[in-house]
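File shown: model_0.txt (compact mmCIF, C-alpha atoms and all ligand atoms).
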# COMPACT_ATOMS: atom_id res chain seq x y z
CA MET D 1 -3.96 33.86 5.15
CA ILE D 2 -1.68 30.82 4.91
CA SER D 3 0.20 30.37 1.66
CA VAL D 4 0.69 26.86 0.39
CA ALA D 5 2.32 25.35 -2.66
CA ILE D 6 1.42 22.19 -4.53
CA MET D 7 4.15 20.24 -6.29
CA GLY D 8 2.79 18.16 -9.15
CA HIS D 9 -0.46 18.69 -11.05
CA GLY D 10 -1.28 15.08 -11.88
CA VAL D 11 -4.23 13.11 -10.54
CA VAL D 12 -3.59 13.86 -6.85
CA GLY D 13 -2.05 17.34 -7.17
CA SER D 14 -4.91 18.65 -9.32
CA GLY D 15 -7.34 17.14 -6.78
CA VAL D 16 -5.61 19.02 -3.95
CA ASP D 17 -5.92 22.27 -5.90
CA GLU D 18 -9.58 21.52 -6.66
CA ILE D 19 -10.50 20.79 -3.04
CA ILE D 20 -8.75 23.92 -1.79
CA ARG D 21 -10.68 25.97 -4.38
CA THR D 22 -14.06 24.31 -3.93
CA HIS D 23 -14.01 23.89 -0.14
CA LYS D 24 -12.77 27.35 0.81
CA ASP D 25 -15.39 27.98 3.49
CA ARG D 26 -15.00 24.56 5.04
CA LEU D 27 -11.22 24.96 5.19
CA PHE D 28 -11.57 28.44 6.64
CA SER D 29 -13.75 27.15 9.45
CA ALA D 30 -11.30 24.31 10.14
CA ILE D 31 -8.22 26.55 10.25
CA GLY D 32 -9.59 29.98 11.11
CA GLU D 33 -7.64 31.45 8.22
CA GLU D 34 -7.83 31.27 4.46
CA LEU D 35 -5.62 28.84 2.56
CA ASP D 36 -4.09 30.37 -0.53
CA VAL D 37 -2.46 28.28 -3.25
CA LYS D 38 0.44 30.54 -4.13
CA TYR D 39 2.33 28.17 -6.43
CA ILE D 40 1.70 25.00 -8.39
CA LEU D 41 4.89 23.36 -9.59
CA ASP D 42 4.70 21.40 -12.83
CA LEU D 43 6.76 21.28 -16.00
CA ARG D 44 3.62 21.22 -18.12
CA ASP D 45 1.35 24.17 -18.92
CA PHE D 46 -2.27 24.26 -17.77
CA PRO D 47 -3.71 27.41 -19.43
CA ASP D 48 -7.32 26.34 -18.72
CA SER D 49 -6.83 25.88 -14.98
CA PRO D 50 -8.63 28.41 -12.74
CA HIS D 51 -5.21 28.74 -11.08
CA ALA D 52 -3.33 29.10 -14.39
CA ASP D 53 -1.59 32.20 -13.01
CA ARG D 54 -0.10 30.25 -10.08
CA PHE D 55 1.94 27.76 -12.10
CA THR D 56 5.71 27.74 -11.96
CA LYS D 57 8.31 25.44 -13.43
CA ASN D 58 10.92 26.60 -10.94
CA PHE D 59 11.17 24.88 -7.53
CA GLU D 60 13.35 27.76 -6.26
CA ASP D 61 10.27 30.03 -6.33
CA ILE D 62 8.72 27.84 -3.65
CA VAL D 63 11.65 27.04 -1.42
CA ASN D 64 12.83 30.66 -1.34
CA ASP D 65 9.43 32.19 -0.62
CA VAL D 66 9.16 32.78 3.13
CA GLU D 67 5.40 33.20 2.86
CA VAL D 68 4.97 29.57 1.84
CA ARG D 69 4.48 27.61 5.07
CA VAL D 70 3.08 24.31 3.84
CA VAL D 71 3.87 22.37 0.68
CA ALA D 72 1.82 19.47 -0.71
CA GLU D 73 4.11 17.12 -2.59
CA ALA D 74 2.15 15.09 -5.13
CA MET D 75 4.90 14.49 -7.66
CA GLY D 76 5.35 10.78 -6.97
CA GLY D 77 8.58 8.88 -7.42
CA LEU D 78 11.85 9.39 -5.58
CA ASN D 79 13.44 12.08 -7.69
CA PRO D 80 13.30 15.01 -7.52
CA ALA D 81 10.71 14.67 -4.73
CA TYR D 82 13.35 13.46 -2.23
CA ASP D 83 15.70 16.42 -2.74
CA TYR D 84 12.88 18.93 -2.87
CA THR D 85 11.33 17.59 0.34
CA LYS D 86 14.64 17.73 2.20
CA ARG D 87 15.25 21.31 1.08
CA LEU D 88 11.74 22.41 2.04
CA LEU D 89 11.96 20.83 5.49
CA LYS D 90 15.41 22.34 6.06
CA ALA D 91 13.88 25.70 5.17
CA GLY D 92 11.37 25.13 8.01
CA LYS D 93 8.38 24.51 5.77
CA SER D 94 6.03 21.65 6.54
CA VAL D 95 5.54 19.09 3.82
CA VAL D 96 2.59 16.76 3.28
CA THR D 97 2.61 13.99 0.73
CA SER D 98 0.80 11.16 -0.97
CA ASN D 99 4.15 9.76 -2.14
CA LYS D 100 4.37 6.31 -0.61
CA GLU D 101 7.53 5.43 -2.47
CA LEU D 102 9.34 8.34 -0.87
CA VAL D 103 7.96 7.74 2.62
CA ALA D 104 8.71 4.01 2.45
CA GLN D 105 12.26 4.60 1.26
CA HIS D 106 13.28 7.74 3.17
CA GLY D 107 10.59 8.28 5.82
CA ALA D 108 12.88 7.98 8.85
CA GLU D 109 15.38 10.47 7.44
CA LEU D 110 12.70 12.96 6.39
CA LEU D 111 10.92 12.72 9.74
CA GLN D 112 14.25 13.42 11.47
CA ILE D 113 14.92 16.44 9.25
CA ALA D 114 11.41 17.71 9.97
CA LYS D 115 12.02 17.30 13.70
CA ASP D 116 15.39 19.07 13.53
CA ASN D 117 13.78 22.03 11.78
CA ASN D 118 10.62 22.24 13.89
CA ALA D 119 8.50 21.41 10.87
CA ASN D 120 6.06 18.62 10.12
CA TYR D 121 6.18 15.84 7.57
CA LEU D 122 2.75 14.21 7.22
CA PHE D 123 1.66 11.45 4.86
CA GLU D 124 -1.90 10.37 5.59
CA ALA D 125 -2.57 9.94 1.85
CA SER D 126 0.37 7.59 1.34
CA VAL D 127 -1.58 4.56 2.59
CA GLY D 128 -5.21 3.81 1.82
CA GLY D 129 -5.91 6.92 -0.28
CA GLY D 130 -8.86 8.62 1.43
CA ILE D 131 -9.03 6.16 4.34
CA PRO D 132 -7.82 7.59 7.65
CA ILE D 133 -5.20 5.10 8.84
CA ILE D 134 -1.95 6.92 9.68
CA ARG D 135 -3.50 9.12 12.37
CA PRO D 136 -5.72 6.40 13.86
CA LEU D 137 -2.76 4.03 14.04
CA SER D 138 -0.43 6.57 15.59
CA LYS D 139 -2.97 8.24 17.89
CA CYS D 140 -6.31 6.48 18.46
CA LEU D 141 -4.72 3.03 18.76
CA ALA D 142 -1.62 4.31 20.57
CA ALA D 143 -2.45 2.47 23.79
CA ASN D 144 -2.34 -0.91 22.03
CA ASN D 145 0.44 -3.27 21.21
CA VAL D 146 -0.27 -3.93 17.57
CA ASP D 147 -0.28 -7.71 17.18
CA GLU D 148 -0.83 -7.69 13.44
CA ILE D 149 -1.73 -5.51 10.47
CA ALA D 150 -3.19 -7.07 7.33
CA GLY D 151 -4.72 -5.22 4.47
CA ILE D 152 -5.82 -4.86 0.91
CA LEU D 153 -3.58 -1.90 0.22
CA ASN D 154 -3.69 -1.54 -3.53
CA GLY D 155 -6.85 -0.42 -5.30
CA THR D 156 -5.72 -1.35 -8.80
CA THR D 157 -5.03 -5.00 -8.01
CA ASN D 158 -8.19 -5.27 -5.95
CA PHE D 159 -10.13 -3.83 -8.89
CA ILE D 160 -8.51 -6.34 -11.26
CA LEU D 161 -9.09 -9.31 -8.94
CA THR D 162 -12.71 -8.24 -8.39
CA LYS D 163 -13.27 -8.14 -12.15
CA MET D 164 -11.70 -11.62 -12.47
CA ILE D 165 -13.76 -13.04 -9.59
CA ALA D 166 -17.12 -11.39 -10.27
CA GLU D 167 -17.11 -11.10 -14.06
CA GLY D 168 -14.57 -13.66 -15.23
CA MET D 169 -12.78 -10.78 -16.99
CA GLY D 170 -9.22 -11.24 -18.22
CA PHE D 171 -6.33 -9.57 -16.42
CA ASP D 172 -5.27 -7.24 -19.28
CA GLU D 173 -8.73 -5.85 -19.90
CA ALA D 174 -9.28 -5.18 -16.19
CA LEU D 175 -5.89 -3.44 -15.91
CA LYS D 176 -6.72 -1.21 -18.88
CA ILE D 177 -9.95 -0.08 -17.23
CA ALA D 178 -8.10 0.60 -13.95
CA GLN D 179 -5.63 2.80 -15.82
CA GLU D 180 -8.40 4.69 -17.60
CA LEU D 181 -10.03 5.38 -14.23
CA GLY D 182 -6.76 6.81 -12.88
CA TYR D 183 -6.25 4.10 -10.24
CA ALA D 184 -3.12 2.49 -11.60
CA GLU D 185 0.32 4.02 -11.35
CA LYS D 186 1.85 5.37 -14.58
CA ASP D 187 3.88 2.21 -14.71
CA PRO D 188 1.41 -0.49 -13.60
CA THR D 189 4.29 -2.81 -12.67
CA ALA D 190 4.36 -1.21 -9.22
CA ASP D 191 0.71 -2.13 -8.72
CA VAL D 192 0.49 -5.58 -10.28
CA GLU D 193 3.84 -6.82 -8.96
CA GLY D 194 2.96 -5.77 -5.42
CA HIS D 195 5.59 -3.01 -4.96
CA ASP D 196 2.96 -0.36 -4.21
CA ALA D 197 1.35 -2.56 -1.53
CA CYS D 198 4.82 -3.34 -0.19
CA ARG D 199 5.61 0.35 0.27
CA LYS D 200 2.34 0.81 2.13
CA ILE D 201 2.79 -2.13 4.51
CA CYS D 202 6.34 -0.88 5.17
CA ILE D 203 4.94 2.52 6.16
CA LEU D 204 2.35 0.94 8.46
CA ALA D 205 4.91 -1.42 9.99
CA SER D 206 7.38 1.43 10.55
CA LEU D 207 4.68 3.48 12.24
CA ALA D 208 3.30 0.62 14.35
CA TYR D 209 6.66 -0.73 15.50
CA GLY D 210 8.72 2.46 15.58
CA LYS D 211 11.58 1.37 13.31
CA HIS D 212 11.98 1.93 9.61
CA VAL D 213 11.20 -1.14 7.50
CA TYR D 214 12.78 -0.90 4.05
CA PRO D 215 10.82 -2.28 1.06
CA ASP D 216 13.90 -4.02 -0.34
CA ASN D 217 13.93 -6.29 2.71
CA VAL D 218 10.31 -7.37 2.32
CA HIS D 219 9.25 -10.43 0.33
CA THR D 220 6.82 -9.23 -2.34
CA GLU D 221 4.69 -11.09 -4.86
CA GLY D 222 2.12 -9.60 -7.23
CA ILE D 223 -0.97 -10.92 -8.97
CA THR D 224 0.31 -11.43 -12.52
CA LYS D 225 0.39 -15.20 -12.13
CA ILE D 226 -3.15 -15.49 -10.75
CA THR D 227 -5.47 -17.20 -13.21
CA LEU D 228 -9.20 -17.69 -13.49
CA GLU D 229 -8.60 -21.36 -12.63
CA ASP D 230 -7.11 -20.36 -9.25
CA VAL D 231 -10.08 -18.06 -8.71
CA GLN D 232 -12.41 -21.04 -9.27
CA TYR D 233 -10.53 -23.29 -6.86
CA ALA D 234 -10.60 -20.54 -4.27
CA ALA D 235 -14.36 -20.13 -4.68
CA ASN D 236 -14.94 -23.86 -4.23
CA TYR D 237 -12.83 -23.71 -1.08
CA GLY D 238 -14.98 -20.87 0.32
CA CYS D 239 -12.38 -18.19 -0.40
CA VAL D 240 -11.58 -15.25 -2.67
CA ILE D 241 -8.11 -14.28 -3.82
CA LYS D 242 -6.84 -10.92 -2.56
CA LEU D 243 -3.46 -9.24 -2.60
CA ILE D 244 -2.61 -8.91 1.09
CA GLY D 245 0.12 -6.90 2.79
CA ARG D 246 0.75 -8.24 6.27
CA CYS D 247 3.05 -7.71 9.19
CA LYS D 248 3.28 -9.03 12.70
CA VAL D 249 6.03 -9.37 15.22
CA GLU D 250 6.84 -12.90 16.32
CA GLU D 251 8.07 -13.87 19.76
CA GLY D 252 11.71 -12.89 19.96
CA GLY D 253 11.08 -9.67 18.05
CA MET D 254 11.44 -10.87 14.46
CA MET D 255 8.99 -9.21 12.09
CA ASP D 256 7.03 -11.44 9.74
CA ILE D 257 6.17 -9.07 6.89
CA GLY D 258 5.32 -9.58 3.25
CA VAL D 259 3.00 -8.97 0.33
CA ALA D 260 1.42 -11.83 -1.58
CA PRO D 261 -1.86 -12.95 -3.12
CA MET D 262 -3.82 -15.05 -0.65
CA PHE D 263 -6.91 -17.16 -0.40
CA VAL D 264 -9.05 -15.15 2.03
CA PRO D 265 -11.97 -17.02 3.64
CA CYS D 266 -15.31 -15.51 2.60
CA SER D 267 -16.08 -15.08 6.32
CA SER D 268 -13.21 -12.59 6.69
CA GLN D 269 -14.01 -8.89 6.70
CA LEU D 270 -11.31 -8.45 4.07
CA ALA D 271 -13.08 -10.85 1.67
CA ASN D 272 -15.88 -8.40 0.97
CA ILE D 273 -13.67 -5.48 0.09
CA ASN D 274 -14.07 -5.13 -3.65
CA ASP D 275 -13.28 -2.92 -6.63
CA VAL D 276 -10.88 -0.06 -5.92
CA PHE D 277 -11.68 -0.15 -2.22
CA ASN D 278 -8.98 -0.85 0.34
CA GLY D 279 -9.42 -2.46 3.73
CA ILE D 280 -6.91 -2.51 6.54
CA MET D 281 -7.29 -4.68 9.62
CA VAL D 282 -5.32 -3.67 12.70
CA ARG D 283 -5.27 -6.26 15.46
CA GLY D 284 -4.62 -4.45 18.74
CA ASP D 285 -4.06 -6.27 22.01
CA CYS D 286 -6.69 -4.11 23.71
CA THR D 287 -9.10 -3.35 20.87
CA GLY D 288 -9.10 -6.67 19.03
CA ASP D 289 -9.64 -6.27 15.29
CA VAL D 290 -10.33 -2.80 13.94
CA VAL D 291 -11.01 -2.55 10.20
CA PHE D 292 -10.60 0.59 8.11
CA TYR D 293 -12.44 0.63 4.79
CA GLY D 294 -12.81 3.09 1.94
CA LYS D 295 -11.53 4.28 -1.41
CA GLY D 296 -7.84 3.52 -1.57
CA ALA D 297 -7.13 5.36 -4.80
CA GLY D 298 -8.50 8.05 -7.06
CA LYS D 299 -8.23 11.80 -7.34
CA LEU D 300 -10.50 13.31 -4.72
CA PRO D 301 -10.30 10.55 -2.05
CA THR D 302 -6.51 10.76 -2.03
CA ALA D 303 -6.48 14.55 -2.32
CA SER D 304 -8.84 14.82 0.64
CA ALA D 305 -6.25 13.08 2.83
CA VAL D 306 -3.53 15.42 1.52
CA VAL D 307 -5.65 18.47 2.28
CA ALA D 308 -6.41 17.12 5.77
CA ASP D 309 -2.65 17.08 6.34
CA VAL D 310 -2.37 20.62 5.00
CA ILE D 311 -5.01 21.66 7.56
CA ASP D 312 -3.12 19.87 10.32
CA CYS D 313 0.12 21.61 9.37
CA ALA D 314 -1.65 24.96 9.17
CA LEU D 315 -2.94 24.38 12.69
CA HIS D 316 0.52 23.39 13.91
CA LEU D 317 2.83 25.95 12.34
CA LYS D 318 6.05 25.82 14.35
CA ARG D 319 4.63 23.06 16.52
CA ARG D 320 5.47 19.40 16.02
CA LYS D 321 3.02 16.61 15.41
CA LEU D 322 4.21 13.43 17.09
CA ILE D 323 4.37 11.14 14.10
CA PHE D 324 7.79 9.61 14.06
CA TRP D 325 9.88 6.47 13.71
CA ALA D 326 13.58 5.84 13.95
CA ASP D 327 15.91 4.65 11.26
CA SER D 328 16.97 1.05 11.61
CA LYS D 329 19.57 -0.99 9.81
CA GLU D 330 18.82 -4.00 12.00
CA GLN D 331 18.03 -7.21 10.18
CA ASN D 332 14.94 -8.01 12.20
CA ILE D 333 12.84 -9.39 9.35
CA LEU D 334 11.93 -13.07 9.49
CA PRO D 335 13.29 -14.89 6.41
CA MET D 336 10.40 -15.86 4.13
CA GLU D 337 11.32 -19.57 4.46
CA GLU D 338 10.69 -19.34 8.22
CA SER D 339 7.27 -17.73 7.97
CA LYS D 340 4.27 -19.98 8.51
CA THR D 341 1.19 -20.17 6.33
CA ALA D 342 -1.36 -22.63 4.98
CA LEU D 343 -0.97 -23.17 1.23
CA TYR D 344 -2.85 -24.00 -1.93
CA ILE D 345 -0.84 -25.88 -4.56
CA ARG D 346 -2.10 -26.60 -8.10
CA ILE D 347 -0.25 -29.02 -10.34
CA ASN D 348 -0.51 -31.08 -13.50
CA THR D 349 0.54 -34.66 -12.97
CA GLU D 350 -0.07 -38.14 -14.28
CA ASP D 351 0.20 -39.57 -10.78
CA LYS D 352 -2.12 -37.71 -8.42
CA GLU D 353 -1.75 -40.27 -5.68
CA ALA D 354 2.04 -39.92 -5.63
CA ALA D 355 1.67 -36.15 -5.45
CA TYR D 356 -0.79 -36.47 -2.57
CA ASN D 357 1.58 -38.78 -0.72
CA THR D 358 4.55 -36.45 -1.26
CA LEU D 359 2.63 -33.50 0.11
CA THR D 360 1.19 -35.29 3.14
CA SER D 361 4.57 -36.66 4.14
CA ALA D 362 6.20 -33.22 3.79
CA LEU D 363 3.42 -30.94 5.03
CA GLY D 364 1.00 -33.05 7.05
CA GLU D 365 -2.69 -33.33 6.24
CA VAL D 366 -3.75 -31.93 2.85
CA LYS D 367 -7.19 -31.63 1.28
CA THR D 368 -7.86 -32.21 -2.40
CA LEU D 369 -9.78 -29.36 -4.05
CA SER D 370 -12.00 -29.46 -7.12
CA ARG D 371 -13.36 -27.30 -9.89
CA VAL D 372 -15.68 -28.01 -12.79
CA ASP D 373 -14.12 -28.79 -16.15
CA ALA D 374 -10.66 -29.34 -14.69
CA PRO D 375 -8.41 -31.16 -17.19
CA GLU D 376 -7.78 -34.79 -16.35
CA ASN D 377 -4.21 -34.28 -15.11
CA GLU D 378 -4.92 -31.21 -13.00
CA VAL D 379 -5.19 -31.45 -9.24
CA ALA D 380 -5.09 -28.87 -6.45
CA PHE D 381 -4.37 -29.30 -2.76
CA ALA D 382 -4.70 -27.19 0.36
CA THR D 383 -2.70 -27.86 3.50
CA ALA D 384 -4.96 -28.33 6.50
CA ASN D 385 -2.56 -26.44 8.76
CA GLU D 386 0.05 -23.74 8.62
CA VAL D 387 3.44 -24.98 7.43
CA LYS D 388 6.84 -23.36 7.18
CA TYR D 389 7.10 -21.74 3.76
CA GLY D 390 10.59 -23.22 3.34
CA ASP D 391 9.16 -26.74 3.87
CA ALA D 392 6.51 -26.00 1.26
CA LEU D 393 9.16 -24.90 -1.24
CA ASN D 394 11.01 -28.19 -0.63
CA ALA D 395 7.77 -30.11 -1.17
CA VAL D 396 7.24 -28.25 -4.44
CA GLU D 397 10.73 -29.28 -5.57
CA ALA D 398 9.89 -32.89 -4.65
CA LEU D 399 6.73 -32.71 -6.78
CA LYS D 400 8.76 -31.40 -9.71
CA ALA D 401 11.29 -34.21 -9.25
CA GLN D 402 8.36 -36.64 -9.62
CA GLY D 403 7.53 -35.09 -12.98
CA ALA D 404 4.68 -32.84 -11.86
CA GLU D 405 4.24 -29.39 -13.37
CA VAL D 406 3.64 -26.96 -10.51
CA ILE D 407 1.28 -24.25 -11.78
CA SER D 408 0.35 -22.24 -8.68
CA VAL D 409 1.41 -21.90 -5.09
CA ILE D 410 -0.76 -19.43 -3.14
CA ARG D 411 -0.93 -18.74 0.57
CA ILE D 412 -4.18 -19.29 2.48
CA GLY D 413 -4.63 -16.43 4.90
CA ASN D 414 -5.77 -16.79 8.49
CA LEU D 415 -7.60 -13.48 8.37
N1 LIG D 501 -1.98 2.82 -7.64
C1 LIG D 501 -2.42 2.93 -6.29
C2 LIG D 501 -3.51 1.91 -6.05
C3 LIG D 501 -2.89 4.31 -6.03
O1 LIG D 501 -4.03 1.36 -7.03
O2 LIG D 501 -3.86 1.64 -4.91
C4 LIG D 501 -3.11 4.63 -4.61
O3 LIG D 501 -1.96 4.49 -3.84
Render the structure in this file as structure tokens.
Amino acid sequence: MISVAIMGHGVVGSGVDEIIRTHKDRLFSAIGEELDVKYILDLRDFPDSPHADRFTKNFEDIVNDVEVRVVAEAMGGLNPAYDYTKRLLKAGKSVVTSNKELVAQHGAELLQIAKDNNANYLFEASVGGGIPIIRPLSKCLAANNVDEIAGILNGTTNFILTKMIAEGMGFDEALKIAQELGYAEKDPTADVEGHDACRKICILASLAYGKHVYPDNVHTEGITKITLEDVQYAANYGCVIKLIGRCKVEEGGMMDIGVAPMFVPCSSQLANINDVFNGIMVRGDCTGDVVFYGKGAGKLPTASAVVADVIDCALHLKRRKLIFWADSKEQNILPMEESKTALYIRINTEDKEAAYNTLTSALGEVKTLSRVDAPENEVAFATANEVKYGDALNAVEALKAQGAEVISVIRIGNL
């Protein structure tokens, strides 16, 4: 029998407990031994839980118990999860987690501590919920140079955007439903402002390129400024708006990485990923595009990835899994102004021709877009080609200097 502990009994932690209880036989056949949940750490009481007798409020019970070999951390947030994880790894226990904030911020350090203590630190559930992506990227695609990763990495924002696109629903109402369904973080700012997607693309970039990418260094925009008008323009341009996390390494080794809403052509595989689903496209130099698709949030999908890591740790007690990246303080991230993208720009102006001329002289060919019932002064443009984002920002300033009100600036993805 292998004793495990679960830290946190929220959406994911309770799902981990449930799967271990309800899939006993399946887990036994995968491991060859029984998994026993010896402790569940939570400050709250759960008298109705079938494992009510396993709850503890004291972390020391877990870290000091030599029988506990694997710990599932589903607390979320940096503290106290960071300290607890370090102490568990230093005690030689393997830790698995769904905590993308922790992995994105301290992954390199925690992987090093795991290595030093002959333990494992696994985090399949931290990106894409129930979608296998960490293992495929680090193992199945290992022979490839990864040219690019682009994905819909946040279920809540994809759910909200889908409601806006398909049902014309307002942002607030869609967010409320996402929270009721348990998709959104406790504080939805992390979802709607893009921080959650940023953490996930940082984890994927760190894994694919071998050096830690810190979220604070990554340009991040959310979806709070996206309106139904933008959704209409996108539709008339043959696109849908998605929140995309992207990274690729440019010639010379600079990494172009960021999170932003984008017009995604309807022909793209990412365009048809709706509701809470996530989709991650990995462009390998040998494989070409490989797309991973599935439920990116929710109790059992995410918990299933955590339990898969528990199984992997149980099968590799005192043996290391080769998932690793090094810490890096190098500034190898391309400044946002240098990154290239096509753009959609929506403005209000009394002089549409002047605006058109300003944009074409700054950014080359632009197309004028339309939507039904647009107010007389509204006009939207799309650049025909990719432009430097810094040049686009200058063009936007020039439009403002002409008296235009710039309402939206959204990237058009080449996906
Ligand atoms: N809040 C996250 C999302 C949960 O909506 O994708 C899964 O990481």
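Residues with any atom within 7 Å of region 369-383 of chain D, counting all atoms listed in the file and excluding same-chain neighbours fewer than 4 positions away, are Gln232, Tyr233, Asn236, Ala342, Leu343, Tyr344, Ile345, Arg346, Ile347, Asn348, Thr349, Glu350 and Glu365 of chain D.
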Shell of 6 Å around region 243-260 of chain D, only C-alpha atoms, local chain residues under 4 positions omitted, as a PyMOL selection string: chain D and resi 147-152+198+201+218-221+332-334
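For ligand LIG 501 (chain D), the set of protein, DNA and RNA residues within 6 Å, based on only C-alpha atoms and all ligand atoms, reads Gly129, Asn154, Gly155, Thr156, Tyr183, Ala184, Glu185, Asp191, Gly296 and Ala297 of chain D.
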Generate the output file for the selected residues, C-alpha atoms, as an mmCIF file, keeping the file's coordinate frame.
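Result saved to out-v9.cif:
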data_model
loop_
_atom_site.group_PDB
_atom_site.id
_atom_site.type_symbol
_atom_site.label_atom_id
_atom_site.label_comp_id
_atom_site.auth_asym_id
_atom_site.auth_seq_id
_atom_site.Cartn_x
_atom_site.Cartn_y
_atom_site.Cartn_z
ATOM 1 C CA GLY D 129 -5.910 6.920 -0.280
ATOM 2 C CA ASN D 154 -3.690 -1.540 -3.530
ATOM 3 C CA GLY D 155 -6.850 -0.420 -5.300
ATOM 4 C CA THR D 156 -5.720 -1.350 -8.800
ATOM 5 C CA TYR D 183 -6.250 4.100 -10.240
ATOM 6 C CA ALA D 184 -3.120 2.490 -11.600
ATOM 7 C CA GLU D 185 0.320 4.020 -11.350
ATOM 8 C CA ASP D 191 0.710 -2.130 -8.720
ATOM 9 C CA GLY D 296 -7.840 3.520 -1.570
ATOM 10 C CA ALA D 297 -7.130 5.360 -4.800
#
Atomic separation - CA of Leu111 (chain D) relative to CA of Ala314 (chain D), Å: 17.6 Å
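Reported to one decimal place, the separation of CA of Pro80 (chain D) from CA of Cys313 (chain D) is 22.4 Å.
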Region 44-49 of chain D environment, 10 Å, all atoms listed in the file, sequence neighbours closer than 6 positions dropped, as a PyMOL selection string: chain D and resi 8-9+14+17-18+55-57
Gap from CA of Ala208 (chain D) to CA of Ala142 (chain D) - Å, one decimal: 8.7 Å
Selection near Ala305 (chain D), 8 Å with only C-alpha atoms, sequence-local residues under 2 positions removed, as a ChimeraX atom specification: /D:124-125,129-132,301-303,307-309
Nearby residues (only C-alpha atoms) at most 12 Å from Gly13 (chain D), same-chain spacing under 5 positions excluded, as JSON, numbers by chain: {"D": [5, 6, 7, 8, 18, 19, 20, 37, 39, 40, 41, 42, 71, 72, 73, 74, 75, 76, 96, 97, 98, 99, 125, 298, 299, 300, 301, 302, 303, 304, 305, 306, 307]}
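The smallest atom-to-atom distance between Lys318 (chain D) and any of D:Asp83, D:Glu34, D:Asp116, D:Asp53, using only C-alpha atoms, is found for D:Asp116.
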